[in-house]
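Working notes, beginning with the structure itself.
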Amino acid sequence: MAFSPVLADPLSRSIFKKFAVMLCSLLTTLYFLHSLTDRCSTMPSPVRASDQVAGLFASDLHDLRSVRRKRLLQKWISKPGAIYRQADRQATRYGGAMFAGSESLREEHGGDDGALRVELSLPGSVSNLDILTRDVDMRTGSPGKLSPLGEGTKKLPQAIIIGVKKGGTRALLEFLRVHPDIRAVGAEPHFFDRNYDNGLEWYRDLMPKTLEGQITMEKTPSYFVTREAPARISAMSRDTKVIVVVRDPVTRAISDYTQTLSKKPDIPSFESLTFKNRTTGLIDTSWSAIQIGIYAKHLDNWLQYFPMEQILFVSGERLISDPAGELGRVQDFLGLKRIITDKHFYFNQTKGFPCLKKAEGSSKPHCLGKTKGRVHPNIDPEVVQRLRDFYRPFNMKFYQMTGRIFGWDD
Ligand SMILES: Nc1ncnc2c1ncn2[C@@H]1O[C@H](COP(=O)(O)OS(=O)(=O)O)[C@@H](OP(=O)(O)O)[C@H]1O
């Protein structure tokens with residue numbers, strides 16, 4: 001071999017040995033480093049975990065229309081802790097109190113049919129989560145705004161939709177949620193009427209997180225007729241802005257009755273419930289469906305605690321015929337930029353109501369659910385006329401107090 005004479009030299013042999021040792025240790029180090037990198041890549045890191053969750057939502061949740069998946073989701077939501085864990089503790093949820101509170105919404109006085117909003121915040125996968133929340137239909141409302149993880153703080157509401165039951169309160173809240181500076185609880189907290197003993201911290205905890213400049217809102221239509229509500233809201237903050245959606249008290253009463261009838265089909269007819277004594281024609285003002293429509297009386301109670309400038313009256317009729325117009329007034333009242341305009345609405349012929357072209361946080365059109373816009377039973381026209389006569393003086397008083405003619409007696 002050509003090299004043998006060189007290696008035969010003892011000096012060359014020692015150099016060769018040293019070279020061989022160095023090469024060996026270099027190779028060992030390289031092998032060690034390689035194994036370490038490999039091992040690290042198989043270890044779970046926080047970033048990978050959340051990516052996985054985002055991936056899960058992305059791949060699994062785009063098909064949420066399937067009933068099976070909705071059920072699965074319902075299970076997750078009824079066990080908020082589960083989703084909380086799955087999302088590597090990066091999913092936020094409304095407290096258990098919210099869920100407990102929603103039960104009470106099924107009561108007949110509850111107004112809404114238990115709309116419940118679930119909000120999740122995960123970094124990076126807003127659109128997937130939107131699908132998650134938007135398509136959930138289990139007595140839910142539509143989803144809340146998504147904000148980056150942990151951002152903002154829960155605040156007591158600065159504005160509350162206090163009524164009236166069946167006035168169009170859900171439509172107003174859903175439309176307002178399109179505004180980036182409004183964040184709202186979907187379910188009705190019923191804090192100032194039924195849950196006051198739970199305390200303000202309980203109430204605050206129901207609220208979504210808001211960033212600087214965003215307004216926190218809720219709606220509970222029974223507040224308007226709750227004697228204690230104005231004093232209690234004023235005690236929380238004298239600056240609270242209150243909004244009342246009012247609707248012709250006669251159609252409001254029929255709508256209220258229609259809702260009760262849908263849950264208890266055996267109740268007496270509207271006509272018989274209207275009168276204390278049908279022959280004398282004496283109206284039963286103790287029936288809540290009638291009582292709620294005496295707006296002037298209820299407003300009187302609110303005026304003991306709130307100046308007129310802090311109360312906004314929205315016409316339930318105009319909210320249907322000109323939603324953008326009414327929303328413009330509400331945005332002004334809340335001191336917000338008029339972002340919600342007629343571009344946001346379209347009239348859905350099938351539903352017979354205005355709907356959102358794009359629901360908040362979504363690219364899909366959105367109409368209110370089946371419990372909104374029910375078909376009313378036919379009521380004896382004589383009874384309707386009797387009710388019109390009954391409400392007229394109260395309506396006149398109400399127009400006078402609010403400075404707005406709502407046109408119910410034309
Ligand atoms: N855009 C749109 N879509 C559907 N429904 C609409 C809309 N705007 C107003 N309304 C009217 O809202 C009525 C229900 O009022 P509320 O949401 O205040 O009811 S509740 O008190 O919360 O149960 C509901 O009453 P009914 O028609 O008697 O079902 C509707 O007339």
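Quick note on naming: the chains in the structure tokens go A, B, ... in the order shown, residues restart at 1 in each chain, and ligands are numbered from 1 in order of appearance.
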
Practice task
For Arg247 (chain A), work out the shell of residues within 8 Å, counting only C-alpha atoms and skipping chain neighbours fewer than 6 positions away, then give it as a list in words.
Solution key: Val164, Lys166, Gly167, Gly168, Ser315, Gly316 and Glu317 of chain A

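Neighbours of Leu303 (chain A) closer than or equal to 10 Å, with only C-alpha atoms counted and sequence neighbours fewer than 5 positions away skipped, come out as Pro230, His298, Met308, Gln310, Ile311 and Met401 of chain A.
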
Output for the residues just chosen: C-alpha atoms as a PDB file, in the first residue's frame:
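See out-v1.pdb below for the written result:
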ATOM      1  CA  PRO A 230     -84.302  51.392  38.957  1.00  0.00           C
ATOM      2  CA  HIS A 298     -93.658  51.890  34.749  1.00  0.00           C
ATOM      3  CA  MET A 308     -84.893  61.345  30.882  1.00  0.00           C
ATOM      4  CA  GLN A 310     -80.300  58.651  30.426  1.00  0.00           C
ATOM      5  CA  ILE A 311     -83.223  56.693  29.011  1.00  0.00           C
ATOM      6  CA  MET A 401     -93.421  61.911  28.848  1.00  0.00           C
TER       7      MET A 401
END

Against ligand 1, which residues of chain A fall within 7 Å? For each one I want the closest pair of atoms and the distance in Å (one decimal), counting only C-alpha atoms and all ligand atoms, rows by chain and increasing residue number, as a tab-separated table.
residue	atom	partner	partner_atom_place_in_ligand_line	distance
A:Gly110	CA	ligand 1	23 (O)	6.8
A:Gly111	CA	ligand 1	23 (O)	3.3
A:Asp112	CA	ligand 1	23 (O)	3.5
A:Asp113	CA	ligand 1	23 (O)	6.3
A:Gly163	CA	ligand 1	18 (O)	7.0
A:Val164	CA	ligand 1	18 (O)	6.2
A:Lys165	CA	ligand 1	21 (O)	3.4
A:Lys166	CA	ligand 1	15 (O)	3.3
A:Gly167	CA	ligand 1	18 (O)	4.2
A:Gly168	CA	ligand 1	12 (O)	3.4
A:Thr169	CA	ligand 1	18 (O)	3.6
A:Arg170	CA	ligand 1	17 (O)	3.7
A:Ala171	CA	ligand 1	8 (N)	4.9
A:Pro221	CA	ligand 1	21 (O)	5.7
A:Arg252	CA	ligand 1	28 (O)	6.9
A:Ser255	CA	ligand 1	28 (O)	3.8
A:Asp256	CA	ligand 1	28 (O)	6.9
A:Thr258	CA	ligand 1	28 (O)	7.0
A:Gly316	CA	ligand 1	9 (C)	6.2
A:Leu319	CA	ligand 1	8 (N)	5.8
A:Ile320	CA	ligand 1	8 (N)	4.9
A:Phe353	CA	ligand 1	1 (N)	4.8
A:Pro354	CA	ligand 1	1 (N)	4.5
A:Cys355	CA	ligand 1	1 (N)	5.4
A:Cys367	CA	ligand 1	3 (N)	6.3
A:Leu368	CA	ligand 1	3 (N)	5.0
A:Thr371	CA	ligand 1	29 (O)	6.0
A:Lys372	CA	ligand 1	29 (O)	4.0
A:Gly373	CA	ligand 1	27 (O)	3.3
A:Arg374	CA	ligand 1	29 (O)	4.0
A:Val375	CA	ligand 1	27 (O)	6.8
A:His376	CA	ligand 1	28 (O)	6.7

So that I have them on file, write out the residues from the current selection with N, CA and C atoms, as an mmCIF file, in the first residue's frame.
data_model
loop_
_atom_site.group_PDB
_atom_site.id
_atom_site.type_symbol
_atom_site.label_atom_id
_atom_site.label_comp_id
_atom_site.auth_asym_id
_atom_site.auth_seq_id
_atom_site.Cartn_x
_atom_site.Cartn_y
_atom_site.Cartn_z
ATOM 1 N N GLY A 110 -89.489 35.111 31.578
ATOM 2 C CA GLY A 110 -88.099 35.323 31.176
ATOM 3 C C GLY A 110 -87.893 36.082 29.899
ATOM 4 N N GLY A 111 -88.938 36.405 29.201
ATOM 5 C CA GLY A 111 -88.707 37.067 27.936
ATOM 6 C C GLY A 111 -88.160 36.062 26.958
ATOM 7 N N ASP A 112 -86.882 36.222 26.653
ATOM 8 C CA ASP A 112 -86.231 35.346 25.698
ATOM 9 C C ASP A 112 -86.339 33.889 26.069
ATOM 10 N N ASP A 113 -86.207 33.066 25.040
ATOM 11 C CA ASP A 113 -86.281 31.639 25.297
ATOM 12 C C ASP A 113 -84.926 31.067 25.664
ATOM 13 N N GLY A 163 -86.108 46.600 28.714
ATOM 14 C CA GLY A 163 -87.442 46.154 28.305
ATOM 15 C C GLY A 163 -87.752 46.627 26.910
ATOM 16 N N VAL A 164 -89.034 46.433 26.535
ATOM 17 C CA VAL A 164 -90.043 45.702 27.281
ATOM 18 C C VAL A 164 -90.112 44.288 26.741
ATOM 19 N N LYS A 165 -90.634 43.415 27.553
ATOM 20 C CA LYS A 165 -90.793 42.036 27.108
ATOM 21 C C LYS A 165 -91.599 42.022 25.795
ATOM 22 N N LYS A 166 -91.105 41.267 24.831
ATOM 23 C CA LYS A 166 -91.696 41.125 23.489
ATOM 24 C C LYS A 166 -91.638 42.421 22.659
ATOM 25 N N GLY A 167 -90.806 43.346 23.090
ATOM 26 C CA GLY A 167 -90.709 44.616 22.356
ATOM 27 C C GLY A 167 -89.793 44.541 21.139
ATOM 28 N N GLY A 168 -88.860 43.565 21.160
ATOM 29 C CA GLY A 168 -87.853 43.476 20.106
ATOM 30 C C GLY A 168 -86.462 43.602 20.717
ATOM 31 N N THR A 169 -86.354 43.253 21.990
ATOM 32 C CA THR A 169 -85.105 43.422 22.729
ATOM 33 C C THR A 169 -83.986 42.528 22.200
ATOM 34 N N ARG A 170 -84.349 41.316 21.792
ATOM 35 C CA ARG A 170 -83.317 40.405 21.262
ATOM 36 C C ARG A 170 -82.774 40.946 19.949
ATOM 37 N N ALA A 171 -83.670 41.408 19.092
ATOM 38 C CA ALA A 171 -83.228 41.949 17.804
ATOM 39 C C ALA A 171 -82.270 43.116 18.052
ATOM 40 N N PRO A 221 -85.550 42.031 29.805
ATOM 41 C CA PRO A 221 -86.749 42.864 29.582
ATOM 42 C C PRO A 221 -87.650 43.028 30.807
ATOM 43 N N ARG A 252 -98.133 43.768 21.683
ATOM 44 C CA ARG A 252 -97.176 43.243 22.667
ATOM 45 C C ARG A 252 -97.862 42.199 23.554
ATOM 46 N N SER A 255 -98.439 39.085 21.632
ATOM 47 C CA SER A 255 -97.151 38.392 21.462
ATOM 48 C C SER A 255 -96.775 37.644 22.747
ATOM 49 N N ASP A 256 -96.992 38.314 23.861
ATOM 50 C CA ASP A 256 -96.700 37.732 25.181
ATOM 51 C C ASP A 256 -97.552 36.475 25.390
ATOM 52 N N THR A 258 -98.926 34.677 23.050
ATOM 53 C CA THR A 258 -98.493 33.660 22.070
ATOM 54 C C THR A 258 -97.313 32.864 22.611
ATOM 55 N N GLY A 316 -90.228 49.584 18.696
ATOM 56 C CA GLY A 316 -90.189 48.201 18.241
ATOM 57 C C GLY A 316 -90.656 48.068 16.799
ATOM 58 N N LEU A 319 -87.910 49.371 14.525
ATOM 59 C CA LEU A 319 -86.792 48.418 14.547
ATOM 60 C C LEU A 319 -86.983 47.359 13.452
ATOM 61 N N ILE A 320 -88.251 47.143 13.090
ATOM 62 C CA ILE A 320 -88.549 46.193 12.008
ATOM 63 C C ILE A 320 -88.569 46.911 10.654
ATOM 64 N N PHE A 353 -88.830 39.479 8.370
ATOM 65 C CA PHE A 353 -88.177 40.437 9.256
ATOM 66 C C PHE A 353 -86.816 40.830 8.695
ATOM 67 N N PRO A 354 -86.295 41.966 9.159
ATOM 68 C CA PRO A 354 -84.924 42.282 8.753
ATOM 69 C C PRO A 354 -83.941 41.335 9.431
ATOM 70 N N CYS A 355 -82.919 41.002 8.721
ATOM 71 C CA CYS A 355 -81.872 40.126 9.247
ATOM 72 C C CYS A 355 -80.528 40.783 8.986
ATOM 73 N N CYS A 367 -80.530 35.557 10.744
ATOM 74 C CA CYS A 367 -81.861 35.981 11.193
ATOM 75 C C CYS A 367 -82.044 35.500 12.624
ATOM 76 N N LEU A 368 -82.983 36.113 13.315
ATOM 77 C CA LEU A 368 -83.279 35.635 14.662
ATOM 78 C C LEU A 368 -83.966 34.266 14.589
ATOM 79 N N THR A 371 -88.314 31.476 17.676
ATOM 80 C CA THR A 371 -89.173 32.019 18.734
ATOM 81 C C THR A 371 -89.368 33.529 18.571
ATOM 82 N N LYS A 372 -88.698 34.088 17.566
ATOM 83 C CA LYS A 372 -88.854 35.524 17.295
ATOM 84 C C LYS A 372 -89.586 35.685 15.976
ATOM 85 N N GLY A 373 -90.742 36.306 16.060
ATOM 86 C CA GLY A 373 -91.555 36.460 14.858
ATOM 87 C C GLY A 373 -92.549 35.312 14.741
ATOM 88 N N ARG A 374 -93.144 34.952 15.867
ATOM 89 C CA ARG A 374 -94.152 33.871 15.847
ATOM 90 C C ARG A 374 -95.441 34.359 15.181
ATOM 91 N N VAL A 375 -96.199 33.406 14.669
ATOM 92 C CA VAL A 375 -97.511 33.747 14.124
ATOM 93 C C VAL A 375 -98.457 33.891 15.324
ATOM 94 N N HIS A 376 -99.172 35.011 15.371
ATOM 95 C CA HIS A 376 -100.091 35.245 16.501
ATOM 96 C C HIS A 376 -101.457 34.628 16.205
#

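Atom pair CA of Lys264 (chain A) / CA of Pro377 (chain A): separated by 14.2 Å.
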
Practice task
Using DSSP on the backbone, list every residue of region 176-321 of chain A that comes out as alpha helix (DSSP H), and give them as an MDAnalysis selection string.
Solution key: chainID A and resid 176 200:206 229:236 249:263 270:274 288:291 295:303 316:321

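For Ser288 (chain A), the non-local neighbours within 10 Å, defined as residues at least 6 positions apart in the same chain or in other chains and counting only C-alpha atoms, are A:His109, A:Val225, A:Ala253, A:Asp256, A:Tyr257.
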
Exercise for the section: Apply DSSP to the structure's backbone, then extract all residues of region 285-345 of chain A labelled strand (DSSP E or B) and return them as a ChimeraX atom specification. Expected result: /A:311-315,345

File dump, residues just selected, C-alpha atoms, as a tab-separated table (two decimals), in the first residue's frame:
chain	number	residue	atom	x	y	z
A	311	ILE	CA	-83.22	56.69	29.01
A	312	LEU	CA	-83.58	55.92	25.32
A	313	PHE	CA	-86.85	54.69	23.83
A	314	VAL	CA	-86.58	52.56	20.75
A	315	SER	CA	-89.65	51.93	18.64
A	345	PHE	CA	-79.40	44.64	6.95

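For the pair CA of Asp389 (chain A) and CA of Thr279 (chain A), the separation is 16.3 Å.
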
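For the residues A:Phe192, A:Trp408, A:Phe390, A:Phe398, ranking by smallest atom-to-atom distance to Ser234 (chain A) using only C-alpha atoms places A:Phe192 first.
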
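The list of residues with at least one atom within 10 Å of Pro180 (chain A), based on only C-alpha atoms and without residues fewer than 6 positions apart in the same chain, reads Lys145, Gln214, Ile215, Leu336, Lys337, Ile339, Ile340, Glu360 and Gly361 of chain A.
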
Handout entry: Proximity to Phe224 (chain A) - best of A:Thr210, A:Gln291, A:Ser237, A:Thr260, only C-alpha atoms
Key = A:Gln291

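The protein and nucleic acid residues lying at most 12 Å from Gln385 (chain A) are Val250, Thr251, Glu271, Thr274, Gly281, Ile379, Asp380, Phe390, Tyr391, Arg392 and Asp409 of chain A, with only C-alpha atoms considered and sequence neighbours fewer than 5 positions away removed.
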
Can I get the selection written as a CSV table (one decimal), in the first residue's frame, with C-alpha atoms?
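Contents of selection.csv, freshly written:
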chain,number,residue,atom,x,y,z
A,250,VAL,CA,-101.9,45.5,22.3
A,251,THR,CA,-99.7,43.6,19.9
A,271,GLU,CA,-110.1,37.0,25.1
A,274,THR,CA,-108.3,39.9,29.1
A,281,GLY,CA,-116.0,44.7,29.8
A,379,ILE,CA,-108.1,37.6,18.4
A,380,ASP,CA,-111.7,38.8,18.4
A,390,PHE,CA,-108.0,50.9,27.4
A,391,TYR,CA,-104.4,51.8,26.4
A,392,ARG,CA,-105.1,55.1,24.6
A,409,ASP,CA,-103.3,55.0,18.1
